[in-house]
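Asks: Below is my_file35.cif; it holds mmCIF, C-alpha atoms.
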data_work
#
loop_
_atom_site.label_atom_id
_atom_site.label_comp_id
_atom_site.auth_asym_id
_atom_site.auth_seq_id
_atom_site.Cartn_x
_atom_site.Cartn_y
_atom_site.Cartn_z
CA MET A 193 -5.73 25.75 -4.46
CA PHE A 194 -6.60 22.05 -4.40
CA LYS A 195 -10.20 20.87 -4.55
CA ALA A 196 -11.52 17.36 -5.05
CA ARG A 197 -14.54 15.14 -4.60
CA ILE A 198 -14.42 11.33 -4.37
CA ASP A 199 -16.40 8.34 -3.16
CA LEU A 200 -15.91 8.08 0.59
CA GLY A 201 -15.47 4.31 0.56
CA VAL A 202 -12.73 4.50 -2.08
CA LEU A 203 -10.73 7.09 -0.15
CA ARG A 204 -11.23 5.29 3.16
CA GLY A 205 -9.88 2.06 1.66
CA CYS A 206 -6.84 3.85 0.24
CA ILE A 207 -5.99 5.52 3.55
CA GLU A 208 -6.41 2.23 5.41
CA ALA A 209 -3.96 0.64 2.97
CA ILE A 210 -1.44 3.40 3.76
CA THR A 211 -1.84 3.10 7.55
CA ALA A 212 -0.98 -0.60 7.32
CA VAL A 213 2.62 0.69 7.16
CA ALA A 214 2.80 4.43 7.88
CA ASP A 215 0.97 6.62 10.39
CA GLU A 216 2.02 9.85 8.70
CA GLY A 217 3.76 11.07 5.58
CA ARG A 218 4.13 13.66 2.86
CA LEU A 219 1.23 13.43 0.39
CA ARG A 220 2.11 14.86 -3.01
CA ILE A 221 -0.72 16.45 -4.99
CA THR A 222 -0.03 16.72 -8.73
CA GLU A 223 -2.11 17.33 -11.82
CA ASP A 224 -2.16 13.56 -12.31
CA GLY A 225 -3.46 12.73 -8.82
CA LEU A 226 -2.09 11.83 -5.40
CA LYS A 227 1.23 10.15 -4.61
CA LEU A 228 2.93 9.01 -1.45
CA ARG A 229 6.03 7.10 -0.37
CA SER A 230 6.67 6.45 3.31
CA VAL A 231 8.31 3.97 5.69
CA ASP A 232 7.33 2.66 9.10
CA PRO A 233 9.22 3.96 12.18
CA ALA A 234 11.34 0.79 12.38
CA ASN A 235 12.44 1.04 8.72
CA VAL A 236 11.22 -2.50 8.09
CA ALA A 237 8.45 -1.73 5.57
CA MET A 238 7.65 0.87 2.93
CA VAL A 239 4.42 1.84 1.22
CA SER A 240 4.12 3.49 -2.20
CA PHE A 241 0.72 4.83 -3.20
CA GLU A 242 -0.73 6.45 -6.31
CA LEU A 243 -4.31 7.51 -7.02
CA GLN A 244 -5.04 8.93 -10.45
CA SER A 245 -7.05 12.11 -10.83
CA ASP A 246 -9.70 10.24 -12.84
CA ALA A 247 -10.53 8.22 -9.72
CA PHE A 248 -12.13 11.44 -8.43
CA ASP A 249 -15.50 12.81 -9.49
CA ASP A 250 -13.91 16.25 -9.36
CA PHE A 251 -10.21 17.11 -9.15
CA SER A 252 -8.50 20.47 -9.63
CA LEU A 253 -5.13 21.91 -8.70
CA GLU A 254 -4.59 25.58 -9.50
CA LEU A 255 -1.13 27.08 -9.93
CA ALA A 256 -1.49 29.35 -6.91
CA GLY A 257 0.08 27.64 -3.92
CA ALA A 258 1.71 24.95 -6.06
CA VAL A 259 5.23 24.72 -7.41
CA GLU A 260 6.41 23.99 -10.90
CA THR A 261 8.16 20.61 -11.05
CA GLU A 262 9.65 18.62 -13.87
CA LYS A 263 7.66 15.48 -14.60
CA GLU A 264 9.76 12.38 -14.31
CA GLY A 265 11.13 11.20 -17.62
CA LYS A 266 9.04 13.65 -19.66
CA GLY A 267 11.03 16.86 -19.55
CA GLU A 268 7.78 18.74 -18.96
CA GLU A 269 6.79 21.03 -16.16
CA GLY A 270 3.73 20.30 -14.08
CA LYS A 271 2.01 21.64 -10.99
CA GLU A 272 2.65 20.01 -7.65
CA THR A 273 2.22 20.72 -3.96
CA SER A 274 2.68 18.52 -0.92
CA ILE A 275 1.06 18.33 2.51
CA GLY A 276 2.06 16.61 5.74
CA MET A 277 -0.74 14.27 6.73
CA ASP A 278 -1.55 12.30 9.87
CA PHE A 279 -3.21 9.34 8.13
CA VAL A 280 -4.42 7.74 11.36
CA LYS A 281 -6.31 10.92 12.24
CA LEU A 282 -7.72 11.16 8.72
CA LEU A 283 -8.82 7.52 8.79
CA GLY A 284 -10.65 8.11 12.07
CA ILE A 285 -12.53 11.01 10.53
CA LEU A 286 -13.40 9.05 7.41
CA GLY A 287 -14.75 6.26 9.61
CA ILE A 288 -17.43 8.62 10.96
CA GLY A 289 -18.81 9.23 7.48
CA GLY A 290 -21.82 7.46 6.10
CA ARG A 291 -22.03 4.39 3.90
CA GLY A 292 -23.59 3.51 0.59
CA GLY A 293 -21.80 5.68 -1.97
CA GLU A 294 -21.51 8.91 0.02
CA GLU A 295 -18.94 11.35 -1.31
CA ILE A 296 -16.35 13.42 0.51
CA GLU A 297 -15.27 16.89 -0.54
CA LEU A 298 -11.67 17.97 0.02
CA LYS A 299 -10.26 21.49 -0.09
CA LEU A 300 -6.80 22.73 0.79
CA ASP A 301 -6.45 26.25 2.20
CA GLU A 302 -4.29 28.75 0.34
CA LYS A 303 -1.39 28.46 2.79
CA GLY A 304 -1.47 24.67 2.68
CA GLN A 305 -1.82 24.36 6.45
CA LYS A 306 -5.34 22.96 6.76
CA LEU A 307 -7.47 20.48 4.85
CA PHE A 308 -11.20 21.09 4.83
CA THR A 309 -13.40 18.02 4.45
CA ARG A 310 -17.15 17.62 4.11
CA MET A 311 -19.16 14.39 4.18
CA GLY A 312 -22.82 15.25 3.79
CA SER A 313 -23.75 17.30 6.86
CA LEU A 314 -20.42 16.59 8.60
CA ALA A 315 -17.57 19.08 8.11
CA TYR A 316 -14.06 18.70 9.54
CA THR A 317 -11.03 20.96 9.41
CA ILE A 318 -7.81 18.97 9.69
CA SER A 319 -4.58 20.67 10.77
CA LEU A 320 -1.71 19.44 8.61
CA LEU A 321 1.76 18.44 9.76
CA ALA A 322 4.73 20.69 9.09
CA SER A 323 6.74 19.31 6.19
CA ASP A 324 10.04 19.87 7.98
CA SER A 325 8.86 17.63 10.83
CA LEU A 326 8.52 14.65 8.49
CA ARG A 327 11.20 12.28 7.29
CA LYS A 328 12.37 12.61 3.71
CA ASP A 329 10.61 10.42 1.17
CA PRO A 330 12.46 7.11 0.99
CA LYS A 331 14.10 5.95 -2.21
CA VAL A 332 12.76 2.78 -3.77
CA PRO A 333 15.63 0.27 -3.87
CA GLU A 334 16.49 -1.34 -7.18
CA LEU A 335 15.74 -5.02 -6.76
CA GLU A 336 15.66 -7.95 -9.16
CA PHE A 337 13.20 -10.60 -8.06
CA PRO A 338 13.73 -14.16 -9.31
CA ALA A 339 10.11 -15.19 -8.71
CA GLN A 340 6.74 -13.56 -9.25
CA VAL A 341 3.34 -14.85 -8.17
CA ILE A 342 -0.10 -13.44 -8.95
CA LEU A 343 -2.85 -14.95 -6.83
CA GLU A 344 -6.35 -14.36 -5.55
CA ILE A 345 -6.36 -12.17 -2.47
CA GLU A 346 -8.54 -14.64 -0.58
CA ASP A 347 -5.83 -17.29 -0.86
CA PHE A 348 -3.24 -14.91 0.59
CA LYS A 349 -5.56 -13.83 3.41
CA ARG A 350 -6.36 -17.45 4.25
CA GLY A 351 -2.67 -18.26 4.67
CA ILE A 352 -2.09 -15.21 6.86
CA ARG A 353 -5.12 -15.93 9.07
CA ALA A 354 -4.04 -19.53 9.57
CA ALA A 355 -0.45 -18.55 10.42
CA GLU A 356 -1.61 -15.98 12.99
CA LYS A 357 -3.04 -18.78 15.12
CA ILE A 358 0.31 -20.50 15.70
CA ALA A 359 3.29 -18.25 14.94
CA GLU A 360 4.84 -14.78 14.91
CA ASN A 361 6.63 -15.19 11.57
CA ILE A 362 5.76 -16.68 8.21
CA VAL A 363 7.79 -18.07 5.31
CA LEU A 364 6.82 -17.24 1.72
CA GLY A 365 8.51 -19.04 -1.11
CA VAL A 366 8.38 -20.63 -4.54
CA ASP A 367 9.63 -24.07 -5.53
CA GLY A 368 10.80 -23.74 -9.11
CA GLU A 369 10.96 -27.49 -9.70
CA SER A 370 7.37 -28.26 -8.66
CA GLU A 371 6.14 -24.80 -9.75
CA GLU A 372 4.43 -24.22 -6.42
CA PHE A 373 3.98 -21.12 -4.25
CA PHE A 374 3.92 -21.86 -0.53
CA MET A 375 3.30 -20.18 2.83
CA GLU A 376 4.67 -21.85 5.96
CA ALA A 377 4.53 -21.09 9.68
CA GLU A 378 5.77 -22.97 12.72
CA GLY A 379 4.92 -22.52 16.39
CA GLU A 380 6.13 -24.36 19.47
CA MET A 381 3.81 -27.30 18.82
CA ASP A 382 2.14 -26.78 15.46
CA LYS A 383 3.09 -26.33 11.82
CA LEU A 384 1.20 -24.87 8.87
CA ARG A 385 1.78 -25.15 5.14
CA LEU A 386 -0.35 -23.72 2.35
CA GLY A 387 0.80 -24.79 -1.11
CA LEU A 388 -0.65 -23.54 -4.38
CA ARG A 389 0.41 -25.13 -7.66
CA LYS A 390 0.84 -23.16 -10.86
CA GLU A 391 -2.63 -24.13 -12.11
CA GLN A 392 -4.15 -22.78 -8.87
CA LEU A 393 -2.49 -19.41 -9.35
CA ILE A 394 -3.28 -16.61 -11.77
CA TYR A 395 0.35 -16.36 -12.86
CA LEU A 396 3.71 -17.76 -11.80
CA THR A 397 7.26 -17.04 -12.87
CA PRO A 398 9.18 -19.92 -11.27
CA PRO A 399 12.78 -19.31 -10.18
CA ALA A 400 15.71 -21.44 -11.30
CA GLU A 401 16.01 -22.72 -7.74
CA LYS A 402 13.81 -22.83 -4.67
CA VAL A 403 13.49 -19.45 -2.96
CA ARG A 404 12.10 -18.70 0.49
CA SER A 405 12.19 -15.81 2.95
CA LEU A 406 10.94 -15.28 6.50
CA TYR A 407 8.79 -12.24 7.37
CA SER A 408 7.16 -10.81 10.47
CA LEU A 409 3.46 -11.68 10.66
CA ASP A 410 2.76 -8.36 12.37
CA TYR A 411 3.61 -6.57 9.13
CA LEU A 412 1.96 -9.01 6.73
CA SER A 413 -1.20 -9.18 8.85
CA ALA A 414 -1.50 -5.38 8.77
CA MET A 415 -0.89 -5.37 5.02
CA SER A 416 -3.52 -8.08 4.54
CA ARG A 417 -6.07 -5.89 6.33
CA GLY A 418 -5.06 -2.91 4.20
CA ILE A 419 -5.50 -4.95 1.03
CA SER A 420 -8.94 -6.12 2.19
CA ALA A 421 -10.07 -2.54 2.83
CA CYS A 422 -9.48 -1.70 -0.84
CA HIS A 423 -11.61 -4.62 -2.09
CA ALA A 424 -8.88 -5.68 -4.49
CA GLU A 425 -9.31 -9.09 -6.10
CA GLN A 426 -5.74 -10.15 -6.81
CA LEU A 427 -2.23 -9.22 -5.81
CA THR A 428 1.28 -9.68 -7.13
CA LEU A 429 4.06 -11.02 -4.93
CA ASN A 430 7.70 -10.57 -5.92
CA LEU A 431 10.02 -12.94 -4.06
CA GLY A 432 13.61 -14.06 -3.66
CA LYS A 433 15.84 -16.05 -1.31
CA ASP A 434 16.28 -14.22 2.02
CA TYR A 435 15.05 -11.20 0.11
CA PRO A 436 12.56 -8.35 0.60
CA LEU A 437 8.95 -9.06 -0.36
CA LYS A 438 7.20 -6.67 -2.74
CA ILE A 439 3.39 -6.74 -2.82
CA ASP A 440 1.48 -4.88 -5.55
CA PHE A 441 -2.27 -4.43 -5.95
CA GLU A 442 -4.71 -2.07 -7.61
CA VAL A 443 -7.22 0.22 -5.91
CA ALA A 444 -10.18 2.32 -7.10
CA ASP A 445 -11.08 -0.07 -9.92
CA GLY A 446 -7.60 0.05 -11.41
CA ARG A 447 -7.23 3.85 -11.21
CA GLY A 448 -4.71 3.62 -8.42
CA LYS A 449 -2.12 1.25 -7.03
CA VAL A 450 -0.36 0.39 -3.79
CA SER A 451 2.99 -1.30 -3.30
CA TYR A 452 4.34 -2.69 -0.05
CA LEU A 453 7.99 -3.58 0.49
CA VAL A 454 8.95 -5.46 3.64
CA ALA A 455 12.39 -6.61 4.74
CA PRO A 456 13.01 -10.28 5.56
CA ARG A 457 13.94 -11.66 8.96
CA ILE A 458 17.00 -13.83 9.44
CA GLU A 459 16.07 -17.45 10.02
CA SER A 460 17.85 -19.15 12.92
CA GLU A 461 19.53 -22.42 12.15
#
What's the structure tokens form of this structure?
Replies:
Amino acid sequence: MFKARIDLGVLRGCIEAITAVADEGRLRITEDGLKLRSVDPANVAMVSFELQSDAFDDFSLELAGAVETEKEGKGEEGKETSIGMDFVKLLGILGIGGRGGEEIELKLDEKGQKLFTRMGSLAYTISLLASDSLRKDPKVPELEFPAQVILEIEDFKRGIRAAEKIAENIVLGVDGESEEFFMEAEGEMDKLRLGLRKEQLIYLTPPAEKVRSLYSLDYLSAMSRGISACHAEQLTLNLGKDYPLKIDFEVADGRGKVSYLVAPRIESE
């Protein structure tokens, strides 16, 4: 049996961050908290999500209905169960809840087929998705990124908002020689460039050579909204030349984290 209680705003922000990439997925419930890894239908982007049990005001997972699993790298057995969740449906329900620090109670039925939720006087029973109807959890590819940037989220959002006005794609890159992170977009008539030098960033690992990759704005715009919903203050970008982009940020005051991975687009000559 799984029971938990958490701030409604925290959970709503986490689910909105997930739906920036995936509408549904297999949510793993362990003694340590919640975990998820899912991809979008087009296999362009992946989201990885973790929320520690101490982010909850109450969190319990009894052995009944859970399976014994070996904890990664520890050689220990722990309790774990998983549920198939329609995150879009859940987000819609969370949006009906109140504001100002209201809590939500969660309870999983013994057969793991329904999730009971209560927000003050509102109670919802959510039917869960069959696990065999969901895609297998994707594997995280092993990637070595030549450049890393840590910046204020507002700077990232500003670049995305500006690019949305003129283009469908955006270039992210780092010039190792000038130690500058840049975002560029080009439409039929207009061009945009946002450049942030090393002293304007929180952290920068410059590459040996200039790196840049092109990405779909549809994906990065959705991710930007997901990041905003979590009220994170900074994010980490891992970049390469014509390489996937990895975005990392913390949620729930550092007691959880989200990672996005999005594939690059091929630039036409």
Asks: Tell me, as a PyMOL selection string, which residues lie within 7 Å of Gly365 of chain A, counting only C-alpha atoms; anything in the same chain fewer than 4 positions away does not count.
Replies: chain A and resi 373-375+403-405+431
Asks: Show which residues sit within 6 Å of Val454 of chain A, as a list of chain:residue names. Count all atoms listed in the file, and ignore same-chain residues fewer than 5 positions away.
Replies: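 My reading of the contact set: A:Val236, A:Ala237, A:Pro436, A:Leu437.
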Asks: Give as a ChimeraX atom specification the residues that the PyMOL selection byres ((chain A and resi 326-339) around 10) matches when applied to the coordinates above.
Replies: /A:216-219,228-231,233,235,238-240,276-277,321-325,340-341,365-368,373,396-403,429-433,435-438,453
Asks: Taking C-alpha atoms for each residue, export the selection above as a compact mmCIF listing (two decimals), keeping the file's coordinate frame.
Replies:
# COMPACT_ATOMS: atom_id res chain seq x y z
CA GLU A 216 2.02 9.85 8.70
CA GLY A 217 3.76 11.07 5.58
CA ARG A 218 4.13 13.66 2.86
CA LEU A 219 1.23 13.43 0.39
CA LEU A 228 2.93 9.01 -1.45
CA ARG A 229 6.03 7.10 -0.37
CA SER A 230 6.67 6.45 3.31
CA VAL A 231 8.31 3.97 5.69
CA PRO A 233 9.22 3.96 12.18
CA ASN A 235 12.44 1.04 8.72
CA MET A 238 7.65 0.87 2.93
CA VAL A 239 4.42 1.84 1.22
CA SER A 240 4.12 3.49 -2.20
CA GLY A 276 2.06 16.61 5.74
CA MET A 277 -0.74 14.27 6.73
CA LEU A 321 1.76 18.44 9.76
CA ALA A 322 4.73 20.69 9.09
CA SER A 323 6.74 19.31 6.19
CA ASP A 324 10.04 19.87 7.98
CA SER A 325 8.86 17.63 10.83
CA GLN A 340 6.74 -13.56 -9.25
CA VAL A 341 3.34 -14.85 -8.17
CA GLY A 365 8.51 -19.04 -1.11
CA VAL A 366 8.38 -20.63 -4.54
CA ASP A 367 9.63 -24.07 -5.53
CA GLY A 368 10.80 -23.74 -9.11
CA PHE A 373 3.98 -21.12 -4.25
CA LEU A 396 3.71 -17.76 -11.80
CA THR A 397 7.26 -17.04 -12.87
CA PRO A 398 9.18 -19.92 -11.27
CA PRO A 399 12.78 -19.31 -10.18
CA ALA A 400 15.71 -21.44 -11.30
CA GLU A 401 16.01 -22.72 -7.74
CA LYS A 402 13.81 -22.83 -4.67
CA VAL A 403 13.49 -19.45 -2.96
CA LEU A 429 4.06 -11.02 -4.93
CA ASN A 430 7.70 -10.57 -5.92
CA LEU A 431 10.02 -12.94 -4.06
CA GLY A 432 13.61 -14.06 -3.66
CA LYS A 433 15.84 -16.05 -1.31
CA TYR A 435 15.05 -11.20 0.11
CA PRO A 436 12.56 -8.35 0.60
CA LEU A 437 8.95 -9.06 -0.36
CA LYS A 438 7.20 -6.67 -2.74
CA LEU A 453 7.99 -3.58 0.49
Asks: Counting all atoms listed in the file, which of A:Leu393, A:Val363, A:Ile318, A:Leu307 gets nearest to Leu343 of chain A?
Replies: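 Selected residue with least distance to Leu343 of chain A: A:Leu393.
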Asks: Which residue is closest to Asp440 of chain A? Choose from A:Ile362, A:Leu286, A:Met415, A:Ile221 and count all atoms listed in the file.
Replies: A:Met415
Asks: Pull out every residue that the PyMOL selection byres ((chain A and resi 305) around 8) matches in the shown coordinates and put them as a PyMOL selection string.
Replies: chain A and resi 275+300-304+306-307+319-322
Asks: Can you work out the spacing between atom CA of Arg197 of chain A and atom CA of Lys299 of chain A in Å, to one decimal?
Replies: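 Separation of atom CA of Arg197 of chain A and atom CA of Lys299 of chain A: 8.9 Å.
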Asks: What does the distance from atom CA of Ser313 of chain A to atom CA of Ala247 of chain A come to in Å, to one decimal?
Replies: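 Computing the Euclidean distance for atom CA of Ser313 of chain A and atom CA of Ala247 of chain A yields 23.1 Å.
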Asks: Quick one: residues within 8 Å of Phe279 of chain A, all atoms listed in the file, excluding same-chain residues fewer than 4 positions away - as a PDB file with C-alpha atoms, in the frame of the given file?
Replies:
ATOM      1  CA  ILE A 207      -5.990   5.520   3.550  1.00  0.00           C
ATOM      2  CA  ILE A 210      -1.440   3.400   3.760  1.00  0.00           C
ATOM      3  CA  THR A 211      -1.840   3.100   7.550  1.00  0.00           C
ATOM      4  CA  ALA A 214       2.800   4.430   7.880  1.00  0.00           C
ATOM      5  CA  ASP A 215       0.970   6.620  10.390  1.00  0.00           C
ATOM      6  CA  GLU A 216       2.020   9.850   8.700  1.00  0.00           C
ATOM      7  CA  GLY A 217       3.760  11.070   5.580  1.00  0.00           C
ATOM      8  CA  LEU A 283      -8.820   7.520   8.790  1.00  0.00           C
TER       9      LEU A 283
END
Asks: Select all residues near (-10.0, 6.7, -2.9) (cut-off 10 Å, inclusive, file coordinates), counting only C-alpha atoms, and output them as a ChimeraX atom specification.
Replies: /A:197-207,226,242-244,247-248,296,422,443-445,447-448
Asks: So, with only C-alpha atoms as the atoms that count, which of A:Phe441, A:Tyr411, A:Phe251, A:Tyr395 lies closest to Glu372 of chain A?
Replies: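 For Glu372 of chain A, the nearest of the candidates is A:Tyr395.
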Asks: May I ask for the distance between atom CA of Lys449 of chain A and atom CA of Ala359 of chain A, given in Å to one decimal place?
Replies: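 Taking atom CA of Lys449 of chain A as the start and atom CA of Ala359 of chain A as the end point, the length is 29.9 Å.
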Asks: Would you give me, as CSV, each residue of segment 360-406 of chain A having an atom within 8 Å of an atom of segment 349-356 of chain A, along with its shortest atom pair and that distance in Å to one decimal, using all atoms listed in the file and sorting by chain and residue number?
Replies:
residue,atom,partner,partner_atom,distance
A:Glu360,CA,A:Glu356,CA,6.8
A:Asn361,CA,A:Ala355,CA,7.9
A:Ile362,CA,A:Ala355,CA,6.9
A:Met375,CA,A:Gly351,CA,6.5
A:Glu376,CA,A:Ala355,CA,7.5
A:Ala377,CA,A:Ala355,CA,5.6
A:Glu378,CA,A:Ala355,CA,8.0
A:Leu384,CA,A:Ala355,CA,6.7
A:Leu386,CA,A:Gly351,CA,6.4
Asks: Select, counting only C-alpha atoms, all protein, DNA and RNA residues no farther than 8 Å from (-11.4, -12.2, -4.1) in file coordinates, and express the selection as a VMD selection string.
Replies: chain A and resid 344 to 346 423 to 426
Asks: Quick one: residues within 8 Å of Ser416 of chain A, only C-alpha atoms, excluding same-chain residues fewer than 3 positions away - as a PyMOL selection string?
Replies: chain A and resi 348-349+352+412-413+419-420
Asks: Next, write the just-selected residues to a file, as an mmCIF file, in the frame of the given file, keeping C-alpha atoms as the atom set.
Replies:
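So again-v3.cif came out as:
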data_model
loop_
_atom_site.group_PDB
_atom_site.id
_atom_site.type_symbol
_atom_site.label_atom_id
_atom_site.label_comp_id
_atom_site.auth_asym_id
_atom_site.auth_seq_id
_atom_site.Cartn_x
_atom_site.Cartn_y
_atom_site.Cartn_z
ATOM 1 C CA PHE A 348 -3.240 -14.910 0.590
ATOM 2 C CA LYS A 349 -5.560 -13.830 3.410
ATOM 3 C CA ILE A 352 -2.090 -15.210 6.860
ATOM 4 C CA LEU A 412 1.960 -9.010 6.730
ATOM 5 C CA SER A 413 -1.200 -9.180 8.850
ATOM 6 C CA ILE A 419 -5.500 -4.950 1.030
ATOM 7 C CA SER A 420 -8.940 -6.120 2.190
#
